[in-house]
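Okay, structure-v2.cif is below, mmCIF, C-alpha atoms:
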data_model
#
loop_
_atom_site.label_atom_id
_atom_site.label_comp_id
_atom_site.auth_asym_id
_atom_site.auth_seq_id
_atom_site.Cartn_x
_atom_site.Cartn_y
_atom_site.Cartn_z
CA MET U 1 84.89 67.48 94.27
CA GLY U 2 84.86 65.35 91.12
CA LEU U 3 84.18 66.42 87.56
CA ILE U 4 81.93 69.31 86.69
CA GLN U 5 80.39 69.41 83.22
CA ALA U 6 80.53 72.91 81.87
CA VAL U 7 77.36 73.97 80.12
CA VAL U 8 77.27 76.42 77.23
CA GLY U 9 77.07 80.12 77.71
CA SER U 10 78.16 82.31 80.53
CA VAL U 11 78.40 79.60 83.18
CA SER U 12 80.93 77.53 81.17
CA GLY U 13 83.12 80.59 80.74
CA THR U 14 82.81 81.38 84.42
CA LEU U 15 83.97 77.91 85.41
CA ALA U 16 86.98 78.10 83.09
CA ASP U 17 87.98 81.45 84.56
CA GLN U 18 88.45 79.85 87.98
CA TRP U 19 91.72 78.18 86.94
CA LYS U 20 94.96 79.45 88.35
CA ASP U 21 97.13 80.37 85.40
CA PHE U 22 100.84 80.75 84.78
CA TYR U 23 101.60 83.86 82.72
CA THR U 24 104.83 84.56 80.90
CA VAL U 25 106.38 86.20 77.82
CA PRO U 26 104.98 84.94 74.50
CA GLN U 27 107.30 82.96 72.26
CA GLY U 28 108.76 84.17 68.97
CA LEU U 29 108.99 87.87 69.90
CA PRO U 30 111.27 90.09 67.78
CA ALA U 31 114.20 91.76 69.55
CA THR U 32 112.61 95.14 68.85
CA ALA U 33 109.28 94.38 70.60
CA ALA U 34 108.48 97.14 73.08
CA LEU U 35 105.09 96.25 74.57
CA PHE U 36 102.98 93.07 74.50
CA ALA U 37 100.44 91.22 76.64
CA ALA U 38 101.43 88.49 79.07
CA VAL U 39 100.06 85.14 77.92
CA PRO U 40 99.02 82.10 79.98
CA GLN U 41 101.16 79.03 79.50
CA GLY U 42 97.96 76.99 79.22
CA THR U 43 99.11 73.64 80.60
CA ASN U 44 100.51 72.42 83.91
CA ALA U 45 103.10 69.75 83.06
CA GLY U 46 100.51 67.93 80.96
CA ARG U 47 98.07 67.61 83.85
CA GLY U 48 95.55 70.14 82.67
CA SER U 49 94.72 72.76 80.10
CA ASN U 50 92.66 75.91 80.36
CA THR U 51 91.39 76.67 76.88
CA HIS U 52 88.03 78.31 77.60
CA GLY U 53 88.93 81.12 79.99
CA SER U 54 88.11 84.69 79.03
CA SER U 55 91.10 86.56 77.57
CA ASN U 56 90.42 89.59 79.78
CA ILE U 57 90.26 87.80 83.15
CA ILE U 58 93.26 86.76 85.28
CA THR U 59 92.36 84.27 87.97
CA ASN U 60 93.12 85.35 91.51
CA GLY U 61 96.31 83.62 92.64
CA SER U 62 97.75 83.17 89.15
CA LYS U 63 101.51 83.39 88.79
CA ILE U 64 103.30 85.86 86.50
CA VAL U 65 107.03 85.58 85.83
CA VAL U 66 108.90 88.78 84.88
CA PRO U 67 112.17 88.03 83.03
CA GLU U 68 115.31 90.16 83.10
CA GLY U 69 115.10 93.35 81.08
CA TYR U 70 111.30 93.69 81.26
CA GLY U 71 108.76 95.44 83.42
CA LEU U 72 105.19 94.35 84.17
CA LEU U 73 102.16 96.65 83.93
CA LEU U 74 98.84 95.58 85.49
CA PHE U 75 95.49 96.87 84.21
CA GLN U 76 92.02 96.75 85.69
CA ASP U 77 89.16 98.08 83.54
CA GLY U 78 91.59 100.02 81.36
CA LYS U 79 93.41 101.66 84.26
CA ILE U 80 97.02 100.98 85.26
CA THR U 81 96.91 99.54 88.77
CA GLY U 82 100.45 98.29 89.29
CA PHE U 83 103.98 98.10 87.94
CA ALA U 84 106.92 95.82 88.66
CA ALA U 85 110.42 96.42 87.29
CA GLU U 86 112.25 93.73 89.29
CA PRO U 87 112.63 90.33 87.61
CA GLY U 88 111.09 87.35 89.38
CA GLY U 89 107.81 85.57 90.06
CA TYR U 90 104.65 87.42 91.13
CA GLU U 91 101.17 86.24 92.27
CA TRP U 92 98.08 87.98 90.95
CA LYS U 93 95.82 89.23 93.74
CA SER U 94 92.52 90.96 93.17
CA ASP U 95 89.33 91.61 95.14
CA ASP U 96 87.28 91.60 91.94
CA LEU U 97 84.68 88.83 91.82
CA ASN U 98 85.77 87.85 88.35
CA SER U 99 89.20 86.97 89.72
CA THR U 100 87.98 84.95 92.68
CA SER U 101 88.30 81.24 92.03
CA ILE U 102 85.72 78.77 93.29
CA PHE U 103 88.51 76.18 93.24
CA THR U 104 90.85 78.22 95.46
CA GLY U 105 88.76 79.20 98.40
CA GLY U 106 85.77 81.00 96.95
CA GLY U 107 82.30 79.74 97.85
CA ILE U 108 80.64 78.03 94.86
CA VAL U 109 77.18 79.47 95.42
CA ASP U 110 78.26 83.00 96.24
CA SER U 111 81.02 83.36 93.62
CA LEU U 112 79.47 81.43 90.75
CA ILE U 113 75.99 82.90 90.89
CA LYS U 114 77.17 86.47 91.28
CA GLN U 115 79.60 86.17 88.36
CA SER U 116 77.03 84.51 86.11
CA TRP U 117 74.49 87.24 86.87
CA GLU U 118 77.03 89.96 86.01
CA ARG U 119 77.92 88.18 82.77
CA PHE U 120 74.34 87.87 81.65
CA LYS U 121 74.05 91.66 81.98
CA PHE U 122 77.09 92.05 79.70
CA GLY U 123 75.97 89.57 77.04
CA GLY U 124 77.84 86.59 78.42
CA GLN U 125 81.12 88.49 78.93
CA PRO U 126 82.67 89.23 82.33
CA GLY U 127 81.83 92.71 83.63
CA SER U 128 85.48 93.54 84.19
CA GLN U 129 88.70 93.66 82.22
CA GLN U 130 92.04 92.62 83.62
CA ALA U 131 95.31 92.50 81.78
CA ALA U 132 99.04 92.18 82.33
CA PHE U 133 101.50 93.64 79.84
CA PHE U 134 105.24 93.30 79.56
CA VAL U 135 107.21 96.39 78.59
CA SER U 136 110.83 96.20 77.45
CA LEU U 137 113.34 98.07 79.60
CA LYS U 138 116.24 97.20 77.27
CA GLU U 139 117.79 99.28 74.52
CA LEU U 140 115.64 98.69 71.46
CA PRO U 141 117.86 98.59 68.33
CA ASP U 142 117.50 99.16 64.62
CA ASN U 143 115.53 102.40 64.69
CA ARG U 144 116.61 104.03 61.45
CA PHE U 145 116.68 107.60 60.25
CA GLY U 146 117.54 109.23 56.93
CA THR U 147 117.00 112.42 54.97
CA GLN U 148 115.83 112.52 51.37
CA SER U 149 117.39 115.94 50.72
CA GLU U 150 120.04 118.15 52.31
CA ILE U 151 119.55 119.52 55.79
CA TYR U 152 121.40 122.71 56.77
CA TRP U 153 122.88 124.00 59.99
CA ASP U 154 125.33 126.71 61.07
CA ASP U 155 128.85 125.53 61.86
CA SER U 156 130.92 127.80 64.09
CA PHE U 157 134.25 126.20 63.14
CA LEU U 158 133.70 126.62 59.41
CA ASN U 159 131.94 129.92 60.13
CA THR U 160 129.24 129.23 57.56
CA GLN U 161 126.17 127.14 56.81
CA VAL U 162 126.76 123.44 56.16
CA GLY U 163 124.49 121.08 54.19
CA ALA U 164 124.39 117.28 54.00
CA VAL U 165 122.28 114.21 53.33
CA THR U 166 122.66 111.68 56.14
CA ARG U 167 121.37 108.31 57.30
CA GLY U 168 121.94 106.05 60.27
CA SER U 169 120.25 104.32 63.20
CA TYR U 170 119.73 104.75 66.92
CA THR U 171 118.79 102.70 69.96
CA LEU U 172 115.69 103.70 71.89
CA LYS U 173 114.86 103.08 75.54
CA ILE U 174 111.57 103.27 77.44
CA VAL U 175 112.64 105.15 80.58
CA ASP U 176 109.11 105.62 81.99
CA PRO U 177 106.75 102.76 81.02
CA ILE U 178 103.71 104.38 82.64
CA LEU U 179 104.11 107.62 80.65
CA PHE U 180 104.82 105.59 77.53
CA VAL U 181 101.59 103.60 77.78
CA LYS U 182 99.33 106.40 79.02
CA ASN U 183 100.49 109.11 76.61
CA PHE U 184 101.77 107.40 73.50
CA VAL U 185 100.72 103.79 72.85
CA PRO U 186 97.50 103.57 70.79
CA ALA U 187 94.64 101.65 72.41
CA SER U 188 94.70 99.07 69.62
CA TYR U 189 98.01 97.75 71.00
CA LEU U 190 96.58 97.23 74.51
CA GLN U 191 94.90 94.01 73.43
CA PRO U 192 95.98 90.37 73.72
CA GLY U 193 98.05 89.23 70.76
CA GLN U 194 99.19 92.74 69.76
CA VAL U 195 102.87 93.71 69.77
CA PHE U 196 104.03 97.32 69.77
CA ASP U 197 107.24 97.45 67.73
CA PHE U 198 109.04 100.70 66.88
CA THR U 199 110.47 99.17 63.70
CA ASP U 200 107.09 98.01 62.38
CA LEU U 201 106.37 99.90 59.15
CA ASP U 202 102.62 99.59 59.79
CA ASN U 203 102.94 101.20 63.23
CA ALA U 204 101.72 104.78 62.71
CA ALA U 205 103.00 105.85 66.13
CA ALA U 206 106.50 104.60 65.31
CA SER U 207 106.37 106.41 61.95
CA GLN U 208 105.63 109.63 63.82
CA LEU U 209 108.80 109.13 65.86
CA PHE U 210 110.79 108.64 62.65
CA ASN U 211 109.51 111.95 61.28
CA GLU U 212 110.31 113.75 64.52
CA VAL U 213 113.88 112.39 64.55
CA VAL U 214 114.44 113.57 60.96
CA GLY U 215 113.07 116.98 61.93
CA SER U 216 115.53 117.13 64.84
CA LEU U 217 118.68 116.22 62.88
CA ALA U 218 119.59 119.79 61.86
CA PRO U 219 119.33 121.16 65.44
CA ALA U 220 121.27 118.12 66.69
CA PHE U 221 124.10 118.64 64.18
CA SER U 222 124.20 122.33 65.06
CA ALA U 223 124.31 121.63 68.81
CA TYR U 224 127.10 119.08 68.37
CA THR U 225 129.36 121.06 66.03
CA ASN U 226 128.91 124.29 68.00
CA ASP U 227 129.79 122.69 71.34
CA ALA U 228 133.14 124.04 72.53
CA ASP U 229 133.91 120.76 74.33
CA LYS U 230 133.73 118.90 71.00
CA GLY U 231 136.27 121.22 69.35
CA HIS U 232 133.69 122.46 66.83
CA ARG U 233 134.77 119.75 64.40
CA ILE U 234 132.16 118.24 62.10
CA THR U 235 134.56 115.39 61.32
CA LYS U 236 134.10 113.97 64.85
CA LEU U 237 130.42 113.19 64.31
CA GLN U 238 130.89 109.64 63.04
CA GLN U 239 133.46 108.84 65.76
CA ASP U 240 131.37 109.94 68.74
CA SER U 241 128.14 107.91 68.80
CA LEU U 242 127.34 108.69 72.43
CA GLY U 243 128.08 112.40 72.12
CA PHE U 244 125.90 112.82 69.05
CA ALA U 245 123.18 110.64 70.62
CA LYS U 246 122.97 113.13 73.50
CA SER U 247 122.70 116.03 71.06
CA LEU U 248 119.96 114.21 69.13
CA SER U 249 118.13 113.21 72.32
CA ASP U 250 118.25 116.80 73.58
CA ALA U 251 116.97 118.06 70.22
CA VAL U 252 113.93 115.75 70.17
CA GLU U 253 113.26 116.53 73.82
CA ASN U 254 113.32 120.28 73.17
CA ALA U 255 111.04 119.97 70.15
CA TYR U 256 108.75 117.05 71.02
CA GLN U 257 109.22 116.27 74.75
CA TRP U 258 109.97 112.59 74.24
CA LYS U 259 111.23 111.96 77.77
CA SER U 260 108.95 114.22 79.78
CA ASP U 261 105.71 113.39 77.91
CA ARG U 262 106.28 109.91 76.44
CA GLY U 263 108.93 108.29 78.64
CA LEU U 264 111.31 107.71 75.70
CA ALA U 265 115.00 108.52 75.21
CA ILE U 266 117.63 108.01 72.50
CA VAL U 267 120.65 106.18 73.94
CA LYS U 268 123.13 105.56 71.10
CA THR U 269 123.47 106.50 67.44
CA ALA U 270 125.36 105.13 64.47
CA ILE U 271 125.79 107.49 61.53
CA VAL U 272 126.19 105.29 58.48
CA SER U 273 126.95 108.09 56.01
CA ILE U 274 127.10 111.87 55.64
CA GLU U 275 127.12 113.20 52.07
CA TYR U 276 127.93 116.91 52.11
CA ASP U 277 126.70 119.26 49.44
CA ALA U 278 129.14 120.63 46.83
CA ASN U 279 129.87 123.90 48.65
CA THR U 280 130.60 122.12 51.93
CA ARG U 281 132.89 119.57 50.24
CA GLU U 282 134.92 122.37 48.63
CA LEU U 283 135.14 124.19 51.94
CA LEU U 284 136.31 121.06 53.76
CA LYS U 285 139.06 120.59 51.16
CA THR U 286 140.27 124.12 51.82
CA VAL U 287 140.27 123.47 55.58
CA GLN U 288 142.22 120.26 55.08
CA ARG U 289 144.86 122.09 53.03
CA ALA U 290 145.09 124.78 55.68
CA ASP U 291 145.54 122.14 58.37
CA ALA U 292 148.28 120.45 56.33
CA LEU U 293 150.15 123.75 55.90
CA SER U 294 149.99 124.78 59.55
CA GLY U 295 152.91 124.57 61.98
CA ALA U 296 156.42 123.25 61.31
CA ARG U 297 155.23 120.62 58.85
CA GLY U 298 153.39 123.27 56.88
CA ASN U 299 156.50 125.47 56.79
CA SER U 300 158.56 122.60 55.37
CA ASN U 301 155.87 121.79 52.81
CA LEU U 302 155.62 125.41 51.76
CA GLN U 303 159.39 125.80 51.35
CA ALA U 304 159.56 122.62 49.30
CA SER U 305 156.72 123.87 47.10
CA VAL U 306 158.45 127.22 46.50
CA ALA U 307 161.76 125.50 45.73
CA ALA U 308 160.08 123.21 43.23
CA GLY U 309 158.38 126.22 41.69
CA MET U 310 161.65 128.11 41.34
CA GLN U 311 163.30 125.11 39.69
CA SER U 312 160.41 124.72 37.28
CA ALA U 313 160.40 128.43 36.47
CA GLY U 314 164.14 128.45 35.87
CA GLU U 315 163.86 125.53 33.45
CA ASN U 316 160.86 126.78 31.54
CA GLY U 317 160.65 130.53 31.86
CA GLY U 318 164.24 131.79 32.14
CA ALA U 319 164.59 135.25 33.66
CA ALA U 320 160.88 135.96 33.27
CA GLY U 321 160.03 132.83 35.22
CA MET U 322 162.50 133.71 37.95
CA MET U 323 161.05 137.21 38.10
CA GLY U 324 157.59 135.70 38.62
CA ILE U 325 158.91 133.52 41.41
CA GLY U 326 160.53 136.58 42.97
CA MET U 327 157.23 138.43 42.90
CA ALA U 328 155.45 135.37 44.35
CA SER U 329 158.04 135.08 47.07
CA GLY U 330 157.53 138.72 47.92
CA MET U 331 153.77 138.18 48.13
CA MET U 332 154.22 135.16 50.35
CA GLY U 333 156.54 137.16 52.51
CA GLY U 334 153.68 139.55 53.10
CA MET U 335 151.52 136.60 54.14
CA GLY U 336 153.89 135.33 56.79
CA SER U 337 156.99 134.76 54.65
CA LEU U 338 158.59 131.33 54.54
CA GLN U 339 159.60 131.48 58.18
CA GLN U 340 163.18 130.66 57.16
CA PRO U 341 165.86 131.34 59.77
CA VAL U 342 167.61 134.70 59.16
CA ALA U 343 171.42 134.56 59.07
CA PRO U 344 173.22 137.19 61.20
CA ALA U 345 174.48 140.16 59.23
CA ALA U 346 178.21 140.01 58.37
CA PRO U 347 180.36 142.99 59.51
CA VAL U 348 180.83 145.58 56.80
CA ALA U 349 184.49 145.98 55.81
CA PRO U 350 185.76 149.58 55.49
CA PRO U 351 186.65 150.85 52.02
CA ALA U 352 190.18 150.01 50.89
CA ASP U 353 191.21 153.73 50.50
CA ASP U 354 189.94 154.87 53.88
CA PRO U 355 192.81 157.09 55.36
CA ILE U 356 191.70 156.51 58.96
CA ALA U 357 191.91 152.77 58.48
CA LYS U 358 195.35 153.09 56.93
CA LEU U 359 196.63 155.19 59.84
CA LYS U 360 195.21 152.71 62.40
CA LYS U 361 196.94 149.86 60.65
CA ALA U 362 200.24 151.78 60.46
CA LYS U 363 200.05 152.67 64.18
CA GLU U 364 199.46 149.00 65.06
CA MET U 365 202.54 148.06 63.01
CA LEU U 366 204.64 150.79 64.75
CA ASP U 367 203.55 149.58 68.18
CA LEU U 368 204.49 146.03 67.25
CA GLY U 369 207.95 147.18 66.10
CA LEU U 370 207.34 146.16 62.54
CA ILE U 371 208.10 149.66 61.17
CA THR U 372 210.15 152.61 62.39
CA GLN U 373 208.91 156.02 63.43
CA ALA U 374 210.12 157.40 60.13
CA ASP U 375 208.10 154.79 58.25
CA TYR U 376 205.01 155.70 60.26
CA ASP U 377 205.50 159.45 59.64
CA ALA U 378 205.84 158.82 55.90
CA ALA U 379 202.64 156.68 55.85
CA LYS U 380 200.79 159.37 57.82
CA ALA U 381 201.84 162.12 55.42
CA LYS U 382 200.76 160.05 52.43
CA ALA U 383 197.40 159.13 53.95
CA LEU U 384 196.66 162.78 54.77
CA GLY U 385 197.93 164.02 51.43
CA LEU U 386 200.66 166.20 52.99
#

Is it possible to give me this structure as structure tokens?
Amino acid sequence: MGLIQAVVGSVSGTLADQWKDFYTVPQGLPATAALFAAVPQGTNAGRGSNTHGSSNIITNGSKIVVPEGYGLLLFQDGKITGFAAEPGGYEWKSDDLNSTSIFTGGGIVDSLIKQSWERFKFGGQPGSQQAAFFVSLKELPDNRFGTQSEIYWDDSFLNTQVGAVTRGSYTLKIVDPILFVKNFVPASYLQPGQVFDFTDLDNAAASQLFNEVVGSLAPAFSAYTNDADKGHRITKLQQDSLGFAKSLSDAVENAYQWKSDRGLAIVKTAIVSIEYDANTRELLKTVQRADALSGARGNSNLQASVAAGMQSAGENGGAAGMMGIGMASGMMGGMGSLQQPVAPAAPVAPPADDPIAKLKKAKEMLDLGLITQADYDAAKAKALGL
């Protein structure tokens, strides 16, 4: 076929768009990139370079490689026309004239003239728009949250309202790329060279997600601490990243429909810090003391405390101090006592001058032959006062 000199204007662009391209992931992407356009590699082992093709045309028969952890979305005139979630190589096929290559089977007169005519009507641009976008299917890290003031929730274990300032991070996953693109991604990011990144401070859509997460923290804390399976313990929050992530994901879903409307879900969380307000800190100290004084260990601690108190009172307060300890012991007895083992009651000895006891003893001595009948009669008369 030889060399063809490309003239200026629409025809030169049309000729360049007939190249078969090799599309792949752009270089230098951040780990938090969520959505970005596929880019042509541009050269074929040094044997050629397509530098004049239109950015919104993909030549029919071009190859697109989908790496692990990514999905591929295909667009035609702004509409999603295909999706691939399996890694591997794919070939672009399209019946659109703009994608038919005169170097790969298309007739030069039919294809070239028709495309040029369409481009003249659109000011030298192709009358179609085709695009391929990669969407991350991995967990996207480093999405941070934090509250500037206390948030409050009801805690069933503490039986009161709890307040705290907290901060941390979570991983986000795109579970439905089609919903994500159609319902959430701004149109400005569906252009070549743009990267949608949830951690980008200039990304207004990502900032909205941050605000929604902060607004869901109180319901998430409440759901977690009031779950019977979690033991109603607020202290488990920082140890259970997956459990709290589910509570947070459920909270944002209930309030903002992340999964059902946007195809997004929170996978894991890491709570960096929780700073409770003064009332909650005091209450937690009381609960800790109660836990320490419960059971056998608590009984031993309580007895040791009372013993130390009695010793101190005896040294410093004399009888008055001991009286105070006695009153305190009586009060503690009303609150469960010291749970000390109770010694069995000793048998009560009869009074020394009990006549019945004397007669029983004398009869036992008579039966044993230790005294005579006369001795017994004398003891009986004396005991009965005869």

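Among U:Ala204, U:Ala362, U:Val175, U:Ala164, the residue with the shortest atom-to-atom distance to Tyr189 (chain U), counting only C-alpha atoms, is U:Ala204.
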
### Task
Excluding Val195 (chain U) and any residue of its chain fewer than 3 positions from it, enumerate the residues within 7 Å of it, using all atoms listed in the file, and give them as a list in words.
Ala33, Leu35, Phe36 and Tyr189 of chain U

### Query
Of the candidates U:Val181, U:Val65, U:Ile58, U:Ala228, which shows the shortest atom-to-atom distance to Leu264 (chain U), using only C-alpha atoms?
U:Val181

Box time for region 371-382 of chain U: axis-aligned, enclosing all its listed atoms, 8 Å extra on each side; report centre and edge lengths in Å to one decimal, as lines of an AutoDock Vina configuration file.
center_x = 205.5
center_y = 155.9
center_z = 57.9
size_x = 25.4
size_y = 28.5
size_z = 27.0

### Query
Quick one, how far is CA of Tyr70 (chain U) from CA of Leu190 (chain U)?
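We find that CA of Tyr70 (chain U) and CA of Leu190 (chain U) lie 16.6 Å from each other.
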
### Contact residues around Leu74 (chain U) with all atoms listed in the file at 6 Å, ignoring same-chain residues under 4 positions, as a PyMOL selection string
chain U and resi 80-82+131-132

What would the file look like if the residues just selected were written as an mmCIF file, in the coordinates of the input with C-alpha atoms?
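To be explicit, this is the file written out as again-v4.cif:
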data_model
loop_
_atom_site.group_PDB
_atom_site.id
_atom_site.type_symbol
_atom_site.label_atom_id
_atom_site.label_comp_id
_atom_site.auth_asym_id
_atom_site.auth_seq_id
_atom_site.Cartn_x
_atom_site.Cartn_y
_atom_site.Cartn_z
ATOM 1 C CA ILE U 80 97.020 100.980 85.260
ATOM 2 C CA THR U 81 96.910 99.540 88.770
ATOM 3 C CA GLY U 82 100.450 98.290 89.290
ATOM 4 C CA ALA U 131 95.310 92.500 81.780
ATOM 5 C CA ALA U 132 99.040 92.180 82.330
#

#### Entry: Expansion of the PyMOL selection byres ((chain U and resi 249) around 12) into residues, as a ChimeraX atom specification
/U:170-173,212-214,216-217,219-221,223-224,241-248,250-260,264-269

### Message
Which residues would end up in the selection if the PyMOL selection byres ((chain U and resi 197) around 9) were applied here, given that I need the answer as an NGL selection string?
### Response
:U and (30 or 32-35 or 195-196 or 198-201 or 203 or 206)

#### Entry: Atomic distance CA of Pro67 (chain U) - CA of Ala31 (chain U), expressed in Å with one decimal
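Computing it gives 14.1 Å between the two atoms.
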
### Query
Using all atoms listed in the file, which of the listed residues (U:Tyr90, U:Gln208, U:Ala38, U:Asp277) sits closest to Ser149 (chain U)?
U:Asp277

Can you tell me which residues surround Ser156 (chain U) at a distance of at most 9 Å, considering all atoms listed in the file, apart from same-chain residues fewer than 2 positions away, and format the answer as a PDB file with C-alpha atoms, in the frame of the given file?
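Final output, saved to result_0.pdb:
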ATOM      1  CA  ASP U 154     125.330 126.710  61.070  1.00  0.00           C
ATOM      2  CA  LEU U 158     133.700 126.620  59.410  1.00  0.00           C
ATOM      3  CA  ASN U 159     131.940 129.920  60.130  1.00  0.00           C
ATOM      4  CA  THR U 160     129.240 129.230  57.560  1.00  0.00           C
ATOM      5  CA  GLN U 161     126.170 127.140  56.810  1.00  0.00           C
ATOM      6  CA  SER U 222     124.200 122.330  65.060  1.00  0.00           C
ATOM      7  CA  THR U 225     129.360 121.060  66.030  1.00  0.00           C
ATOM      8  CA  ASN U 226     128.910 124.290  68.000  1.00  0.00           C
ATOM      9  CA  ASP U 227     129.790 122.690  71.340  1.00  0.00           C
ATOM     10  CA  HIS U 232     133.690 122.460  66.830  1.00  0.00           C
ATOM     11  CA  ARG U 233     134.770 119.750  64.400  1.00  0.00           C
TER      12      ARG U 233
END

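Residues matched by the PyMOL selection byres ((chain U and resi 86) around 10) in this file: Val66, Pro67, Glu68, Gly69, Tyr70, Gly71, Leu72, Phe83, Ala84, Ala85, Pro87, Gly88 and Gly89 of chain U.
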
### Query
So what do you get for CA of Asn60 (chain U) versus CA of Ser188 (chain U), distance-wise?
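Separation between CA of Asn60 (chain U) and CA of Ser188 (chain U): 25.9 Å.
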
### Task
For each of U:Asp261, U:Asp155, U:Glu282, U:Asp367, take the minimum atom-to-atom distance to Val185 (chain U), counting all atoms listed in the file, then give the residue where this is smallest.
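Comparing U:Asp261, U:Asp155, U:Glu282, U:Asp367 against Val185 (chain U), the winner is U:Asp261.
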